[in-house]
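> Here it is: the structure, laid out below.
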Amino acid sequence: MKFYVLASLIVFIMIISHNLRKSRRIQDEAEHSFWEKERLANETRRKPLDNLNYIKIPLEQLPMEQMKDDAQVADCIDTIQELSLQPIVNFTGLTNTDLKLEYGTANITTLTEYDQSYALLVVTLQRWAGLLYQAGCVGDARIILEFSVETRSDVCATYDLLSDIYLQNGETDRIAHLRETAQTLNSLNRNIILRHLEEKLASAESD
């Protein structure tokens, strides 16, 4: 009996030891791959940025006059107007190393600014839409949210609120379209957004 216990313990230790060595090897390989990628990125020459997917804010289509006397709404409108004058690009899911490899190390500061402007854009759009929705301006909120989704926003609240508006209007087909858009997102929020949309669709189908 003692022999079997000892043998089992030895096998268990061997398995643990093997898994630890395997884990360390995978970690070492990942670290080596990262630093090699970073080395190549730092050697990449500057490339032109003319072909980037710049985001144009359609001020003429957004409800710029709605509730503009409200301080919070006015703050959102001012931010959107300022952003409309700046280059904006969505680099969600890409690291600085990815950007340097693609566009050159010398462009990284500029690209980071473009991406920061995008982050501010989608957060502001969500805040603006939320304020209008709470005030009963559902149609205007919808316009803002749909534009945000067109930019491939990964703000979970944007998809939640827009899908709620679609549900209220009985437009479940549009929620399915939102799901298709979410499936293509290069973001850590992708699965969360998809789960919420699936729940909304399931709820609509059960009613």
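Chain labels follow the order of the structure tokens: the first chain is A, the next B, and so on; residue numbering restarts at 1 in every chain, and ligands are counted from 1 in their shown order.
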For Trp128 in chain A, list every protein, DNA or RNA residue within 7 Å, evaluated using only C-alpha atoms, and leave out those in the same chain fewer than 4 positions away; present the list as a list in words.
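Listing them by chain and then by number gives Val73, Cys76, Thr124 and Leu132 of chain A.
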> Which residues are close to Ala176 in chain A, i.e. within 10 Å by only C-alpha atoms, leaving aside same-chain residues fewer than 4 positions away? Reply as a list in words.
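Within the cut-off, the hits are Ser163, Glu171, Thr172, Glu180, Thr181, Ala182, Leu197, Glu198, Lys200 and Leu201 of chain A.
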> Could you dump the residues just selected with N, CA and C atoms as a tab-separated table (two decimals), in the first residue's frame?

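New file selection20.tsv:
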```
chain	number	residue	atom	x	y	z
A	163	SER	N	-28.80	49.12	-28.40
A	163	SER	CA	-29.64	47.92	-28.53
A	163	SER	C	-30.94	48.09	-27.75
A	171	GLU	N	-36.96	46.75	-33.35
A	171	GLU	CA	-36.02	46.54	-34.47
A	171	GLU	C	-34.94	45.52	-34.09
A	172	THR	N	-35.35	44.30	-33.85
A	172	THR	CA	-34.40	43.26	-33.44
A	172	THR	C	-33.38	42.95	-34.53
A	180	GLU	N	-23.08	41.59	-35.55
A	180	GLU	CA	-22.13	41.35	-36.64
A	180	GLU	C	-20.96	42.32	-36.58
A	181	THR	N	-21.26	43.58	-36.27
A	181	THR	CA	-20.20	44.59	-36.13
A	181	THR	C	-19.29	44.24	-34.96
A	182	ALA	N	-19.89	43.87	-33.85
A	182	ALA	CA	-19.11	43.55	-32.65
A	182	ALA	C	-18.19	42.36	-32.86
A	197	LEU	N	-25.35	41.56	-26.23
A	197	LEU	CA	-26.23	41.60	-27.40
A	197	LEU	C	-26.98	40.28	-27.57
A	198	GLU	N	-26.32	39.18	-27.28
A	198	GLU	CA	-26.98	37.87	-27.35
A	198	GLU	C	-28.12	37.81	-26.34
A	200	LYS	N	-29.82	40.37	-25.21
A	200	LYS	CA	-30.90	41.23	-25.71
A	200	LYS	C	-31.71	40.50	-26.78
A	201	LEU	N	-31.01	39.83	-27.68
A	201	LEU	CA	-31.70	39.10	-28.75
A	201	LEU	C	-32.56	37.96	-28.18
```
> Compile the contact shell of range 85-92 of chain A as a PDB file with C-alpha atoms, in the first residue's frame: residues with an atom at most 10 Å away, counting only C-alpha atoms, same-chain residues fewer than 4 positions apart removed.

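Ended up saving to around29.pdb:
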```pdb
ATOM      1  CA  LEU A  52      -4.712  55.861 -42.555  1.00  0.00           C
ATOM      2  CA  ASN A  53      -8.444  55.385 -41.955  1.00  0.00           C
ATOM      3  CA  TYR A  54      -9.064  58.882 -40.626  1.00  0.00           C
ATOM      4  CA  ILE A  55     -12.404  59.465 -38.926  1.00  0.00           C
ATOM      5  CA  LYS A  56     -14.384  62.494 -40.048  1.00  0.00           C
ATOM      6  CA  ILE A  57     -16.958  63.733 -37.553  1.00  0.00           C
ATOM      7  CA  ILE A  80     -16.790  67.094 -30.369  1.00  0.00           C
ATOM      8  CA  GLN A  81     -16.241  70.383 -32.210  1.00  0.00           C
ATOM      9  CA  ASN A  96       2.855  50.637 -29.728  1.00  0.00           C
ATOM     10  CA  ASP A  98       2.501  47.034 -33.737  1.00  0.00           C
ATOM     11  CA  LEU A  99       2.249  50.689 -34.727  1.00  0.00           C
ATOM     12  CA  THR A 110       1.780  61.255 -33.734  1.00  0.00           C
ATOM     13  CA  LEU A 111      -0.069  57.938 -33.923  1.00  0.00           C
ATOM     14  CA  THR A 112      -0.552  57.882 -30.160  1.00  0.00           C
ATOM     15  CA  GLU A 113      -2.130  61.336 -30.342  1.00  0.00           C
ATOM     16  CA  TYR A 114      -4.488  60.148 -33.087  1.00  0.00           C
ATOM     17  CA  ASP A 115      -5.512  57.174 -30.962  1.00  0.00           C
ATOM     18  CA  GLN A 116      -5.974  59.269 -27.816  1.00  0.00           C
ATOM     19  CA  SER A 117      -8.254  61.578 -29.778  1.00  0.00           C
ATOM     20  CA  TYR A 118     -10.275  58.536 -30.813  1.00  0.00           C
ATOM     21  CA  ALA A 119     -10.581  57.336 -27.226  1.00  0.00           C
ATOM     22  CA  LEU A 120     -11.835  60.775 -26.185  1.00  0.00           C
ATOM     23  CA  LEU A 121     -14.255  60.782 -29.126  1.00  0.00           C
ATOM     24  CA  VAL A 122     -16.062  57.546 -28.279  1.00  0.00           C
ATOM     25  CA  THR A 151     -16.224  54.210 -36.009  1.00  0.00           C
ATOM     26  CA  ARG A 152     -15.957  50.684 -34.513  1.00  0.00           C
ATOM     27  CA  SER A 153     -16.212  51.864 -30.928  1.00  0.00           C
ATOM     28  CA  ASP A 154     -15.665  49.208 -28.272  1.00  0.00           C
ATOM     29  CA  LEU A 185     -13.896  44.258 -33.177  1.00  0.00           C
ATOM     30  CA  ASN A 186     -10.233  43.926 -32.251  1.00  0.00           C
ATOM     31  CA  SER A 187     -10.840  44.604 -28.580  1.00  0.00           C
ATOM     32  CA  LEU A 188     -10.826  42.963 -25.167  1.00  0.00           C
TER      33      LEU A 188
END
```
> I want to know what sits within 8 Å of Asn107 in chain A, based on only C-alpha atoms, with residues of the same chain fewer than 6 positions away left out; could you give that as a list in words?
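So the residues in contact are Arg46, Lys47 and Lys100 of chain A.
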> Neighbouring residues of Ile144 in chain A were defined as those with any atom within 8 Å, considering only C-alpha atoms; residues of the same chain fewer than 5 positions away were excluded. Please report them as a short mmCIF file (atom, residue, chain, number, x, y, z; two decimals) with N, CA and C atoms, in the first residue's frame.

```
data_model
loop_
_atom_site.label_atom_id
_atom_site.label_comp_id
_atom_site.auth_asym_id
_atom_site.auth_seq_id
_atom_site.Cartn_x
_atom_site.Cartn_y
_atom_site.Cartn_z
N LEU A 62 -25.06 65.45 -36.75
CA LEU A 62 -25.23 65.25 -35.31
C LEU A 62 -26.10 66.37 -34.71
N PRO A 63 -26.81 66.07 -33.62
CA PRO A 63 -27.73 67.05 -33.01
C PRO A 63 -26.99 68.13 -32.22
N LEU A 125 -18.94 60.72 -27.08
CA LEU A 125 -20.17 60.35 -27.78
C LEU A 125 -21.11 59.57 -26.87
N GLN A 126 -20.57 58.65 -26.09
CA GLN A 126 -21.39 57.86 -25.19
C GLN A 126 -22.02 58.75 -24.11
N TRP A 128 -22.58 61.99 -24.24
CA TRP A 128 -23.53 62.89 -24.91
C TRP A 128 -24.84 62.16 -25.19
N ALA A 129 -24.75 60.98 -25.76
CA ALA A 129 -25.94 60.19 -26.08
C ALA A 129 -26.72 59.84 -24.81
#
```
> Using DSSP on the backbone, list every residue of range 86-127 of chain A that comes out as alpha helix (DSSP H), and give them as a list in words.
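After running DSSP on the backbone, range 86-127 of chain A has alpha helix (DSSP H) at Asn96, Thr97, Asp98, Leu99, Lys100, Leu101, Glu102, Tyr103, Ile108, Thr109, Thr110, Leu111, Thr112, Glu113, Tyr114, Asp115, Gln116, Ser117, Tyr118, Ala119, Leu120, Leu121, Val122, Val123, Thr124, Leu125, Gln126 and Arg127 of chain A.
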> Limited to C-alpha atoms, could you put the picked residues into a file as a PDB file, in the first residue's frame?

```
ATOM      1  CA  ASN A  96       2.855  50.637 -29.728  1.00  0.00           C
ATOM      2  CA  THR A  97       5.102  47.900 -31.075  1.00  0.00           C
ATOM      3  CA  ASP A  98       2.501  47.034 -33.737  1.00  0.00           C
ATOM      4  CA  LEU A  99       2.249  50.689 -34.727  1.00  0.00           C
ATOM      5  CA  LYS A 100       6.018  51.142 -34.938  1.00  0.00           C
ATOM      6  CA  LEU A 101       6.354  48.031 -37.082  1.00  0.00           C
ATOM      7  CA  GLU A 102       3.664  49.259 -39.461  1.00  0.00           C
ATOM      8  CA  TYR A 103       4.415  52.980 -39.638  1.00  0.00           C
ATOM      9  CA  ILE A 108       4.722  56.735 -32.746  1.00  0.00           C
ATOM     10  CA  THR A 109       4.050  60.045 -30.937  1.00  0.00           C
ATOM     11  CA  THR A 110       1.780  61.255 -33.734  1.00  0.00           C
ATOM     12  CA  LEU A 111      -0.069  57.938 -33.923  1.00  0.00           C
ATOM     13  CA  THR A 112      -0.552  57.882 -30.160  1.00  0.00           C
ATOM     14  CA  GLU A 113      -2.130  61.336 -30.342  1.00  0.00           C
ATOM     15  CA  TYR A 114      -4.488  60.148 -33.087  1.00  0.00           C
ATOM     16  CA  ASP A 115      -5.512  57.174 -30.962  1.00  0.00           C
ATOM     17  CA  GLN A 116      -5.974  59.269 -27.816  1.00  0.00           C
ATOM     18  CA  SER A 117      -8.254  61.578 -29.778  1.00  0.00           C
ATOM     19  CA  TYR A 118     -10.275  58.536 -30.813  1.00  0.00           C
ATOM     20  CA  ALA A 119     -10.581  57.336 -27.226  1.00  0.00           C
ATOM     21  CA  LEU A 120     -11.835  60.775 -26.185  1.00  0.00           C
ATOM     22  CA  LEU A 121     -14.255  60.782 -29.126  1.00  0.00           C
ATOM     23  CA  VAL A 122     -16.062  57.546 -28.279  1.00  0.00           C
ATOM     24  CA  VAL A 123     -16.215  58.315 -24.550  1.00  0.00           C
ATOM     25  CA  THR A 124     -17.666  61.759 -25.288  1.00  0.00           C
ATOM     26  CA  LEU A 125     -20.172  60.353 -27.783  1.00  0.00           C
ATOM     27  CA  GLN A 126     -21.394  57.864 -25.187  1.00  0.00           C
ATOM     28  CA  ARG A 127     -21.715  60.549 -22.510  1.00  0.00           C
TER      29      ARG A 127
END
```
> Pick the closest to Pro58 in chain A from A:Ala106, A:Leu167, A:Leu83, A:Ile193: which is it, counting only C-alpha atoms?
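The shortest atom-to-atom distance to Pro58 in chain A comes from A:Leu83.
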> What's the 12 Å shell around Gln168 in chain A, counting only C-alpha atoms, without same-chain residues fewer than 6 positions away, as a VMD selection string?
chain A and resid 138 to 139 142 161 to 162 174 to 175 200 204
> Could those residues be written to a file, using C-alpha atoms, as a short mmCIF file (atom, residue, chain, number, x, y, z; two decimals), in the first residue's frame?

```cif
data_model
loop_
_atom_site.label_atom_id
_atom_site.label_comp_id
_atom_site.auth_asym_id
_atom_site.auth_seq_id
_atom_site.Cartn_x
_atom_site.Cartn_y
_atom_site.Cartn_z
CA VAL A 138 -34.12 59.20 -27.95
CA GLY A 139 -33.85 59.85 -31.69
CA ARG A 142 -29.63 57.08 -31.54
CA LEU A 161 -27.95 51.73 -24.99
CA LEU A 162 -28.30 51.48 -28.76
CA ARG A 174 -30.69 45.96 -36.07
CA ILE A 175 -29.45 44.27 -32.89
CA LYS A 200 -30.90 41.23 -25.71
CA ALA A 204 -36.60 39.85 -27.66
#
```
> Ranking A:Asn169, A:Gln66, A:Ser84, A:Asn189 by minimum distance to Ala135 in chain A and counting only C-alpha atoms, which one comes first?
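Using only C-alpha atoms, the shortest distance to Ala135 in chain A belongs to A:Gln66.
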> Could you work out how far CA of Ser206 in chain A lies from CA of Asp160 in chain A, giving the answer in Å with one decimal?
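Result for CA of Asp160 in chain A versus CA of Ser206 in chain A: 18.4 Å, one decimal.
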